[in-house]
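Engineer: This one is upload.txt, compact mmCIF, N, CA and C atoms.
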# COMPACT_ATOMS: atom_id res chain seq x y z
N MET A 63 102.25 -4.37 170.90
CA MET A 63 102.55 -4.83 169.55
C MET A 63 102.98 -3.65 168.71
N ASN A 64 104.10 -3.79 168.06
CA ASN A 64 104.66 -2.72 167.23
C ASN A 64 104.42 -3.06 165.76
N VAL A 65 103.74 -2.20 165.05
CA VAL A 65 103.42 -2.44 163.65
C VAL A 65 104.09 -1.38 162.79
N THR A 66 104.77 -1.82 161.74
CA THR A 66 105.39 -0.89 160.80
C THR A 66 104.56 -0.87 159.53
N VAL A 67 104.07 0.28 159.16
CA VAL A 67 103.31 0.44 157.93
C VAL A 67 104.28 0.82 156.82
N ILE A 68 104.21 0.10 155.70
CA ILE A 68 105.12 0.34 154.59
C ILE A 68 104.34 1.00 153.46
N PRO A 69 104.65 2.27 153.15
CA PRO A 69 103.95 2.95 152.06
C PRO A 69 104.24 2.30 150.70
N LEU A 70 103.27 2.31 149.81
CA LEU A 70 103.43 1.70 148.49
C LEU A 70 104.53 2.35 147.67
N ASN A 71 104.81 3.64 147.91
CA ASN A 71 105.81 4.31 147.08
C ASN A 71 107.24 4.13 147.61
N ARG A 72 107.43 3.33 148.63
CA ARG A 72 108.76 3.08 149.17
C ARG A 72 109.25 1.71 148.71
N ALA A 73 109.58 1.62 147.43
CA ALA A 73 110.01 0.35 146.87
C ALA A 73 111.13 0.59 145.85
N THR A 74 111.97 -0.43 145.69
CA THR A 74 112.99 -0.39 144.65
C THR A 74 113.01 -1.73 143.93
N VAL A 75 113.47 -1.68 142.69
CA VAL A 75 113.63 -2.88 141.88
C VAL A 75 115.05 -2.87 141.33
N ALA A 76 115.76 -3.96 141.55
CA ALA A 76 117.11 -4.09 141.01
C ALA A 76 117.14 -5.30 140.09
N LEU A 77 117.86 -5.16 138.98
CA LEU A 77 117.95 -6.19 137.94
C LEU A 77 119.41 -6.53 137.70
N GLU A 78 119.69 -7.81 137.54
CA GLU A 78 121.06 -8.24 137.23
C GLU A 78 121.38 -7.89 135.77
N VAL A 79 122.44 -7.10 135.61
CA VAL A 79 122.92 -6.71 134.28
C VAL A 79 124.43 -6.96 134.26
N ASP A 80 124.89 -7.80 133.37
CA ASP A 80 126.31 -8.14 133.27
C ASP A 80 126.89 -8.58 134.61
N GLY A 81 126.12 -9.38 135.36
CA GLY A 81 126.59 -9.94 136.62
C GLY A 81 126.49 -9.02 137.83
N GLU A 82 126.04 -7.79 137.65
CA GLU A 82 125.91 -6.83 138.74
C GLU A 82 124.44 -6.41 138.89
N LEU A 83 124.02 -6.17 140.14
CA LEU A 83 122.67 -5.66 140.36
C LEU A 83 122.61 -4.17 140.06
N VAL A 84 121.66 -3.77 139.21
CA VAL A 84 121.49 -2.38 138.82
C VAL A 84 120.10 -1.93 139.27
N ASP A 85 120.03 -0.82 139.99
CA ASP A 85 118.76 -0.26 140.44
C ASP A 85 118.06 0.37 139.24
N ILE A 86 116.91 -0.18 138.86
CA ILE A 86 116.16 0.35 137.70
C ILE A 86 114.91 1.10 138.15
N SER A 87 114.82 1.41 139.43
CA SER A 87 113.61 2.01 140.01
C SER A 87 113.21 3.33 139.37
N ALA A 88 114.18 4.10 138.89
CA ALA A 88 113.86 5.41 138.31
C ALA A 88 112.92 5.29 137.12
N GLY A 89 113.01 4.21 136.37
CA GLY A 89 112.15 4.03 135.21
C GLY A 89 110.93 3.17 135.47
N VAL A 90 110.83 2.59 136.66
CA VAL A 90 109.70 1.71 136.99
C VAL A 90 108.58 2.53 137.61
N ARG A 91 107.40 2.47 137.01
CA ARG A 91 106.25 3.21 137.53
C ARG A 91 105.39 2.34 138.44
N ALA A 92 105.43 1.02 138.24
CA ALA A 92 104.67 0.11 139.09
C ALA A 92 105.34 -1.26 139.05
N ALA A 93 105.29 -1.96 140.17
CA ALA A 93 105.85 -3.31 140.25
C ALA A 93 104.94 -4.16 141.11
N LYS A 94 104.66 -5.37 140.66
CA LYS A 94 103.85 -6.31 141.43
C LYS A 94 104.56 -7.65 141.44
N LEU A 95 104.58 -8.28 142.61
CA LEU A 95 105.17 -9.60 142.77
C LEU A 95 104.12 -10.48 143.42
N ALA A 96 103.88 -11.66 142.88
CA ALA A 96 102.84 -12.53 143.41
C ALA A 96 103.30 -13.98 143.41
N LEU A 97 102.81 -14.73 144.39
CA LEU A 97 103.03 -16.17 144.48
C LEU A 97 101.68 -16.87 144.46
N ALA A 98 101.64 -18.03 143.84
CA ALA A 98 100.41 -18.81 143.80
C ALA A 98 100.75 -20.28 143.97
N GLY A 99 100.01 -20.95 144.85
CA GLY A 99 100.20 -22.37 145.05
C GLY A 99 99.53 -23.18 143.96
N GLN A 100 100.01 -24.39 143.77
CA GLN A 100 99.45 -25.29 142.77
C GLN A 100 98.97 -26.58 143.47
N PRO A 101 97.96 -26.48 144.34
CA PRO A 101 97.52 -27.67 145.06
C PRO A 101 96.80 -28.64 144.13
N ALA A 102 96.74 -29.89 144.56
CA ALA A 102 96.03 -30.90 143.79
C ALA A 102 95.06 -31.63 144.73
N ALA A 103 93.80 -31.72 144.33
CA ALA A 103 92.81 -32.41 145.13
C ALA A 103 92.83 -33.90 144.79
N TYR A 104 92.64 -34.72 145.84
CA TYR A 104 92.51 -36.15 145.61
C TYR A 104 91.51 -36.72 146.60
N TYR A 105 90.98 -37.90 146.29
CA TYR A 105 89.97 -38.54 147.12
C TYR A 105 90.45 -39.94 147.49
N THR A 106 89.98 -40.42 148.63
CA THR A 106 90.25 -41.80 149.03
C THR A 106 88.91 -42.52 149.19
N LEU A 107 88.95 -43.84 149.24
CA LEU A 107 87.72 -44.62 149.38
C LEU A 107 87.07 -44.46 150.75
N GLU A 108 87.82 -44.00 151.74
CA GLU A 108 87.27 -43.91 153.09
C GLU A 108 86.51 -42.62 153.37
N SER A 109 86.53 -41.63 152.42
CA SER A 109 85.84 -40.37 152.68
C SER A 109 85.37 -39.73 151.39
N ALA A 110 84.26 -39.02 151.49
CA ALA A 110 83.75 -38.28 150.32
C ALA A 110 84.38 -36.90 150.23
N TRP A 111 85.15 -36.53 151.25
CA TRP A 111 85.77 -35.20 151.30
C TRP A 111 87.12 -35.21 150.59
N ALA A 112 87.37 -34.15 149.85
CA ALA A 112 88.64 -34.03 149.11
C ALA A 112 89.78 -33.74 150.08
N ARG A 113 90.93 -34.26 149.77
CA ARG A 113 92.18 -33.95 150.49
C ARG A 113 93.03 -33.10 149.53
N GLN A 114 94.00 -32.39 150.06
CA GLN A 114 94.84 -31.52 149.24
C GLN A 114 96.30 -31.95 149.34
N ALA A 115 96.95 -32.02 148.21
CA ALA A 115 98.39 -32.29 148.17
C ALA A 115 99.09 -31.02 147.68
N ASP A 116 100.23 -30.72 148.28
CA ASP A 116 100.99 -29.54 147.87
C ASP A 116 101.65 -29.82 146.52
N GLY A 117 101.32 -29.00 145.54
CA GLY A 117 101.85 -29.21 144.20
C GLY A 117 102.92 -28.20 143.81
N GLY A 118 103.42 -27.43 144.76
CA GLY A 118 104.46 -26.46 144.45
C GLY A 118 103.92 -25.05 144.38
N THR A 119 104.82 -24.13 144.11
CA THR A 119 104.47 -22.71 144.09
C THR A 119 105.04 -22.05 142.84
N ARG A 120 104.27 -21.16 142.26
CA ARG A 120 104.71 -20.37 141.12
C ARG A 120 104.84 -18.92 141.55
N GLY A 121 105.77 -18.22 140.93
CA GLY A 121 105.93 -16.79 141.20
C GLY A 121 105.93 -16.01 139.90
N ALA A 122 105.40 -14.81 139.96
CA ALA A 122 105.37 -13.96 138.77
C ALA A 122 105.49 -12.50 139.21
N ALA A 123 106.02 -11.70 138.32
CA ALA A 123 106.14 -10.26 138.58
C ALA A 123 105.69 -9.51 137.33
N LEU A 124 105.18 -8.32 137.56
CA LEU A 124 104.77 -7.44 136.47
C LEU A 124 105.39 -6.08 136.73
N LEU A 125 106.18 -5.60 135.78
CA LEU A 125 106.81 -4.29 135.88
C LEU A 125 106.21 -3.38 134.82
N THR A 126 105.86 -2.17 135.21
CA THR A 126 105.42 -1.15 134.25
C THR A 126 106.50 -0.09 134.22
N VAL A 127 107.12 0.08 133.04
CA VAL A 127 108.24 1.00 132.93
C VAL A 127 107.97 2.05 131.85
N VAL A 128 108.60 3.20 132.01
CA VAL A 128 108.51 4.27 131.02
C VAL A 128 109.38 3.88 129.82
N VAL A 129 108.84 4.00 128.62
CA VAL A 129 109.61 3.71 127.41
C VAL A 129 110.64 4.81 127.23
N ASP A 130 111.91 4.41 127.18
CA ASP A 130 113.03 5.34 127.13
C ASP A 130 114.16 4.66 126.36
N SER A 131 114.80 5.37 125.47
CA SER A 131 115.86 4.78 124.64
C SER A 131 117.25 4.96 125.22
N ALA A 132 117.37 5.62 126.38
CA ALA A 132 118.69 5.85 126.98
C ALA A 132 119.35 4.51 127.33
N SER A 133 120.66 4.44 127.23
CA SER A 133 121.38 3.18 127.41
C SER A 133 121.23 2.59 128.81
N GLY A 134 121.08 3.37 129.85
CA GLY A 134 120.99 2.84 131.20
C GLY A 134 119.58 2.80 131.76
N SER A 135 118.58 3.00 130.91
CA SER A 135 117.20 3.07 131.40
C SER A 135 116.65 1.67 131.69
N ALA A 136 115.61 1.64 132.52
CA ALA A 136 114.95 0.37 132.83
C ALA A 136 114.42 -0.28 131.54
N CYS A 137 113.85 0.53 130.67
CA CYS A 137 113.30 0.02 129.41
C CYS A 137 114.40 -0.63 128.56
N ARG A 138 115.53 0.04 128.44
CA ARG A 138 116.64 -0.49 127.63
C ARG A 138 117.16 -1.80 128.22
N HIS A 139 117.29 -1.86 129.55
CA HIS A 139 117.75 -3.10 130.19
C HIS A 139 116.78 -4.25 129.92
N LEU A 140 115.48 -3.96 129.95
CA LEU A 140 114.49 -5.00 129.68
C LEU A 140 114.51 -5.43 128.21
N LEU A 141 114.67 -4.48 127.30
CA LEU A 141 114.76 -4.83 125.88
C LEU A 141 116.00 -5.68 125.60
N ASP A 142 117.12 -5.34 126.23
CA ASP A 142 118.34 -6.15 126.07
C ASP A 142 118.13 -7.55 126.64
N TRP A 143 117.41 -7.65 127.74
CA TRP A 143 117.14 -8.94 128.36
C TRP A 143 116.28 -9.80 127.44
N THR A 144 115.37 -9.18 126.71
CA THR A 144 114.53 -9.90 125.76
C THR A 144 115.38 -10.67 124.76
N LEU A 145 116.42 -10.03 124.28
CA LEU A 145 117.29 -10.66 123.28
C LEU A 145 118.21 -11.72 123.90
N ALA A 146 118.57 -11.56 125.17
CA ALA A 146 119.48 -12.50 125.82
C ALA A 146 118.81 -13.83 126.17
N ARG A 147 117.51 -13.79 126.49
CA ARG A 147 116.72 -14.99 126.80
C ARG A 147 117.33 -15.84 127.92
N ASP A 148 117.78 -15.22 128.99
CA ASP A 148 118.36 -15.96 130.11
C ASP A 148 117.62 -15.64 131.42
N ALA A 149 117.95 -16.39 132.47
CA ALA A 149 117.40 -16.10 133.79
C ALA A 149 118.32 -15.10 134.48
N ARG A 150 117.71 -14.13 135.16
CA ARG A 150 118.49 -13.10 135.84
C ARG A 150 117.93 -12.87 137.24
N GLN A 151 118.81 -12.43 138.13
CA GLN A 151 118.38 -12.11 139.48
C GLN A 151 117.63 -10.78 139.47
N VAL A 152 116.50 -10.77 140.16
CA VAL A 152 115.72 -9.55 140.35
C VAL A 152 115.45 -9.42 141.85
N VAL A 153 115.65 -8.22 142.38
CA VAL A 153 115.44 -7.97 143.80
C VAL A 153 114.39 -6.88 143.97
N PHE A 154 113.33 -7.20 144.71
CA PHE A 154 112.26 -6.25 145.02
C PHE A 154 112.40 -5.88 146.49
N THR A 155 112.52 -4.61 146.79
CA THR A 155 112.61 -4.14 148.17
C THR A 155 111.41 -3.24 148.45
N GLN A 156 110.61 -3.62 149.43
CA GLN A 156 109.44 -2.85 149.82
C GLN A 156 109.72 -2.25 151.18
N GLY A 157 109.77 -0.93 151.26
CA GLY A 157 110.08 -0.25 152.51
C GLY A 157 111.53 0.17 152.57
N GLU A 158 111.93 0.66 153.76
CA GLU A 158 113.30 1.17 153.92
C GLU A 158 113.86 0.74 155.26
N GLY A 159 115.16 0.63 155.35
CA GLY A 159 115.83 0.35 156.62
C GLY A 159 115.54 -1.03 157.17
N ASP A 160 115.49 -1.13 158.50
CA ASP A 160 115.29 -2.41 159.18
C ASP A 160 113.92 -3.02 158.93
N SER A 161 112.94 -2.20 158.60
CA SER A 161 111.58 -2.71 158.39
C SER A 161 111.32 -3.13 156.95
N ALA A 162 112.31 -3.02 156.07
CA ALA A 162 112.11 -3.35 154.65
C ALA A 162 111.92 -4.85 154.45
N LEU A 163 111.08 -5.18 153.50
CA LEU A 163 110.90 -6.56 153.06
C LEU A 163 111.65 -6.70 151.74
N VAL A 164 112.53 -7.68 151.65
CA VAL A 164 113.36 -7.87 150.46
C VAL A 164 113.07 -9.25 149.87
N TYR A 165 112.65 -9.28 148.62
CA TYR A 165 112.36 -10.52 147.91
C TYR A 165 113.34 -10.62 146.74
N SER A 166 113.97 -11.78 146.57
CA SER A 166 114.90 -11.93 145.45
C SER A 166 114.81 -13.34 144.88
N GLY A 167 115.12 -13.44 143.61
CA GLY A 167 115.11 -14.74 142.94
C GLY A 167 115.55 -14.59 141.51
N GLN A 168 115.70 -15.74 140.85
CA GLN A 168 116.01 -15.78 139.43
C GLN A 168 114.70 -15.73 138.67
N PHE A 169 114.62 -14.83 137.72
CA PHE A 169 113.41 -14.67 136.92
C PHE A 169 113.76 -14.77 135.43
N ARG A 170 112.76 -15.14 134.66
CA ARG A 170 112.86 -15.10 133.20
C ARG A 170 111.85 -14.08 132.69
N LEU A 171 112.26 -13.32 131.70
CA LEU A 171 111.37 -12.36 131.06
C LEU A 171 110.53 -13.14 130.06
N VAL A 172 109.21 -13.20 130.28
CA VAL A 172 108.35 -14.04 129.45
C VAL A 172 107.42 -13.25 128.54
N GLY A 173 107.42 -11.93 128.66
CA GLY A 173 106.57 -11.15 127.77
C GLY A 173 106.70 -9.66 128.02
N GLN A 174 106.51 -8.90 126.95
CA GLN A 174 106.48 -7.44 127.04
C GLN A 174 105.40 -6.94 126.09
N SER A 175 104.62 -5.98 126.59
CA SER A 175 103.63 -5.38 125.70
C SER A 175 103.25 -4.01 126.22
N PRO A 176 102.89 -3.11 125.38
CA PRO A 176 103.15 -3.14 123.95
C PRO A 176 104.59 -2.70 123.68
N LEU A 177 105.19 -3.27 122.67
CA LEU A 177 106.53 -2.82 122.29
C LEU A 177 106.47 -1.47 121.59
N ALA A 178 105.38 -1.22 120.91
CA ALA A 178 105.18 0.08 120.27
C ALA A 178 103.70 0.43 120.35
N GLU A 179 103.43 1.69 120.69
CA GLU A 179 102.04 2.15 120.78
C GLU A 179 102.04 3.67 120.65
N ALA A 180 101.07 4.20 119.94
CA ALA A 180 100.97 5.65 119.78
C ALA A 180 99.51 6.07 119.84
N HIS A 181 99.27 7.26 120.42
CA HIS A 181 97.93 7.84 120.48
C HIS A 181 98.03 9.29 120.05
N ALA A 182 97.28 9.66 119.03
CA ALA A 182 97.31 11.02 118.51
C ALA A 182 96.87 12.01 119.58
N GLY A 183 97.62 13.09 119.71
CA GLY A 183 97.26 14.17 120.61
C GLY A 183 97.50 13.87 122.08
N SER A 184 98.11 12.75 122.40
CA SER A 184 98.35 12.39 123.81
C SER A 184 99.70 12.90 124.26
N GLY A 185 99.75 13.45 125.46
CA GLY A 185 101.01 13.89 126.04
C GLY A 185 101.53 12.91 127.07
N MET A 186 100.86 11.78 127.21
CA MET A 186 101.26 10.77 128.19
C MET A 186 102.49 10.01 127.68
N PRO A 187 103.43 9.70 128.57
CA PRO A 187 104.58 8.91 128.14
C PRO A 187 104.16 7.47 127.83
N ALA A 188 104.85 6.86 126.89
CA ALA A 188 104.58 5.46 126.56
C ALA A 188 105.05 4.57 127.70
N MET A 189 104.30 3.53 127.99
CA MET A 189 104.62 2.58 129.06
C MET A 189 104.75 1.19 128.48
N LEU A 190 105.65 0.42 129.05
CA LEU A 190 105.88 -0.97 128.65
C LEU A 190 105.61 -1.84 129.86
N ARG A 191 104.85 -2.91 129.69
CA ARG A 191 104.59 -3.84 130.77
C ARG A 191 105.38 -5.12 130.51
N ALA A 192 106.26 -5.44 131.45
CA ALA A 192 107.11 -6.64 131.32
C ALA A 192 106.62 -7.69 132.30
N ARG A 193 106.40 -8.91 131.79
CA ARG A 193 105.98 -10.03 132.64
C ARG A 193 107.20 -10.92 132.91
N LEU A 194 107.42 -11.21 134.20
CA LEU A 194 108.54 -12.04 134.62
C LEU A 194 107.99 -13.29 135.30
N ALA A 195 108.65 -14.43 135.08
CA ALA A 195 108.28 -15.68 135.72
C ALA A 195 109.42 -16.12 136.62
N LEU A 196 109.10 -16.47 137.86
CA LEU A 196 110.12 -16.94 138.81
C LEU A 196 110.66 -18.27 138.32
N ASP A 197 111.99 -18.40 138.30
CA ASP A 197 112.67 -19.60 137.82
C ASP A 197 113.45 -20.22 138.98
N GLY A 198 112.73 -20.84 139.92
CA GLY A 198 113.35 -21.40 141.12
C GLY A 198 112.74 -20.79 142.35
N PRO A 199 113.43 -20.90 143.50
CA PRO A 199 112.85 -20.40 144.76
C PRO A 199 112.95 -18.89 144.90
N LEU A 200 112.05 -18.34 145.71
CA LEU A 200 112.06 -16.93 146.05
C LEU A 200 112.62 -16.80 147.46
N ALA A 201 113.62 -15.95 147.62
CA ALA A 201 114.21 -15.71 148.94
C ALA A 201 113.55 -14.48 149.55
N VAL A 202 113.28 -14.55 150.84
CA VAL A 202 112.67 -13.43 151.57
C VAL A 202 113.58 -13.06 152.72
N ALA A 203 113.94 -11.78 152.79
CA ALA A 203 114.80 -11.32 153.89
C ALA A 203 114.13 -10.18 154.62
Can you dump the structure from the file as structure tokens?

Structural biologist:
Amino acid sequence: MNVTVIPLNRATVALEVDGELVDISAGVRAAKLALAGQPAAYYTLESAWARQADGGTRGAALLTVVVDSASGSACRHLLDWTLARDARQVVFTQGEGDSALVYSGQFRLVGQSPLAEAHAGSGMPAMLRARLALDGPLAVA
């Protein structure tokens, strides 16, 4: 059995900007993608045990990006997306080469926080957390 271990730091995030995929990985400090099922329990008269019906799947992503005002930065692309209020393709690639896992789908930007934050005497860069909601199916390659 051949097992490929994929390090956590071998990932990229690409975002659709003006119809083209743009790699925003340089400004992304952390990315999480998750799926959750929405099952529904039901009972019948013939049994006291619950049965499960498939109620669909939800997807969500969380991006943590460095706050940066440069025109091509991940932060700027996310702020522009906030104003556009549309669904955009986002591609998450975990790993490299033939062993990479690639997830893609249409997402909506549903929240960002904090938009502004300051701490006296801190030398840490400001971070923005963007919440994305999957808008349709997730493709896995």

Engineer: Taking the backbone alone, and naming residues the way the document does, which bits of range 89-190 of chain A are strand (DSSP E or B) by DSSP, as number ranges by chain?

Structural biologist: A: 90-99, 102-106, 109-115, 119-128, 149-156, 163-175, 189-190

Engineer: Grab the atom C of Phe154 in chain A to atom N of Ala178 in chain A distance for me, in Å with one decimal place.

Structural biologist: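 Atom C of Phe154 in chain A sits 26.9 Å away from atom N of Ala178 in chain A.
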
Engineer: Identify the residues around (109.1, 1.0, 127.2) within a radius of 8 Å, measuring from only N, CA and C atoms in the coordinates stated by the file, and give them as a PyMOL selection string.

Structural biologist: chain A and resi 126-131+136-138+141+175-178+188-191

Engineer: To one decimal in Å, tell me the separation between CA of Leu125 in chain A and atom N of Ala149 in chain A.

Structural biologist: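 Distance between the two atoms: 16.8 Å.
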
Engineer: Could you pull the residues within 6.5 Å of range 74-77 of chain A, counting all atoms listed in the file, minus those fewer than 4 positions along the same chain, as a PDB file with N, CA and C atoms, in the frame of the given file?

Structural biologist:
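File produced: out_23.pdb:
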ATOM      1  N   GLU A  82     126.040  -7.790 137.650  1.00  0.00           N
ATOM      2  CA  GLU A  82     125.910  -6.830 138.740  1.00  0.00           C
ATOM      3  C   GLU A  82     124.440  -6.410 138.890  1.00  0.00           C
ATOM      4  N   LEU A  83     124.020  -6.170 140.140  1.00  0.00           N
ATOM      5  CA  LEU A  83     122.670  -5.660 140.360  1.00  0.00           C
ATOM      6  C   LEU A  83     122.610  -4.170 140.060  1.00  0.00           C
ATOM      7  N   VAL A  84     121.660  -3.770 139.210  1.00  0.00           N
ATOM      8  CA  VAL A  84     121.490  -2.380 138.820  1.00  0.00           C
ATOM      9  C   VAL A  84     120.100  -1.930 139.270  1.00  0.00           C
ATOM     10  N   ASP A  85     120.030  -0.820 139.990  1.00  0.00           N
ATOM     11  CA  ASP A  85     118.760  -0.260 140.440  1.00  0.00           C
ATOM     12  C   ASP A  85     118.060   0.370 139.240  1.00  0.00           C
ATOM     13  N   ILE A  86     116.910  -0.180 138.860  1.00  0.00           N
ATOM     14  CA  ILE A  86     116.160   0.350 137.700  1.00  0.00           C
ATOM     15  C   ILE A  86     114.910   1.100 138.150  1.00  0.00           C
ATOM     16  N   SER A  87     114.820   1.410 139.430  1.00  0.00           N
ATOM     17  CA  SER A  87     113.610   2.010 140.010  1.00  0.00           C
ATOM     18  C   SER A  87     113.210   3.330 139.370  1.00  0.00           C
ATOM     19  N   GLN A 151     118.810 -12.430 138.130  1.00  0.00           N
ATOM     20  CA  GLN A 151     118.380 -12.110 139.480  1.00  0.00           C
ATOM     21  C   GLN A 151     117.630 -10.780 139.470  1.00  0.00           C
ATOM     22  N   VAL A 152     116.500 -10.770 140.160  1.00  0.00           N
ATOM     23  CA  VAL A 152     115.720  -9.550 140.350  1.00  0.00           C
ATOM     24  C   VAL A 152     115.450  -9.420 141.850  1.00  0.00           C
ATOM     25  N   VAL A 153     115.650  -8.220 142.380  1.00  0.00           N
ATOM     26  CA  VAL A 153     115.440  -7.970 143.800  1.00  0.00           C
ATOM     27  C   VAL A 153     114.390  -6.880 143.970  1.00  0.00           C
ATOM     28  N   PHE A 154     113.330  -7.200 144.710  1.00  0.00           N
ATOM     29  CA  PHE A 154     112.260  -6.250 145.020  1.00  0.00           C
ATOM     30  C   PHE A 154     112.400  -5.880 146.490  1.00  0.00           C
ATOM     31  N   THR A 155     112.520  -4.610 146.790  1.00  0.00           N
ATOM     32  CA  THR A 155     112.610  -4.140 148.170  1.00  0.00           C
ATOM     33  C   THR A 155     111.410  -3.240 148.450  1.00  0.00           C
ATOM     34  N   GLN A 156     110.610  -3.620 149.430  1.00  0.00           N
ATOM     35  CA  GLN A 156     109.440  -2.850 149.820  1.00  0.00           C
ATOM     36  C   GLN A 156     109.720  -2.250 151.180  1.00  0.00           C
ATOM     37  N   GLY A 157     109.770  -0.930 151.260  1.00  0.00           N
ATOM     38  CA  GLY A 157     110.080  -0.250 152.510  1.00  0.00           C
ATOM     39  C   GLY A 157     111.530   0.170 152.570  1.00  0.00           C
TER      40      GLY A 157
END

Engineer: Report, in Å with one decimal, the straight-line distance from CA of Thr119 in chain A to CA of Pro199 in chain A.

Structural biologist: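 Going from CA of Thr119 in chain A over to CA of Pro199 in chain A, I get 8.7 Å.
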
Engineer: So that I can check the surroundings of Arg193 in chain A, please list as a list of chain:residue names every protein, DNA and RNA residue that reaches within 9 Å of it, counting only C-alpha atoms and ignoring chain neighbours fewer than 4 positions away.

Structural biologist: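 Once the adjacent positions are removed, what remains is A:Ala122, A:Ala123, A:Leu124, A:Leu125, A:Arg170, A:Leu171, A:Val172, A:Gly173, A:Gln174, A:Ser175.
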
Engineer: As a PyMOL selection string, which residues of range 126-181 of chain A does DSSP assign to alpha helix (DSSP H)?

Structural biologist: chain A and resi 136-146
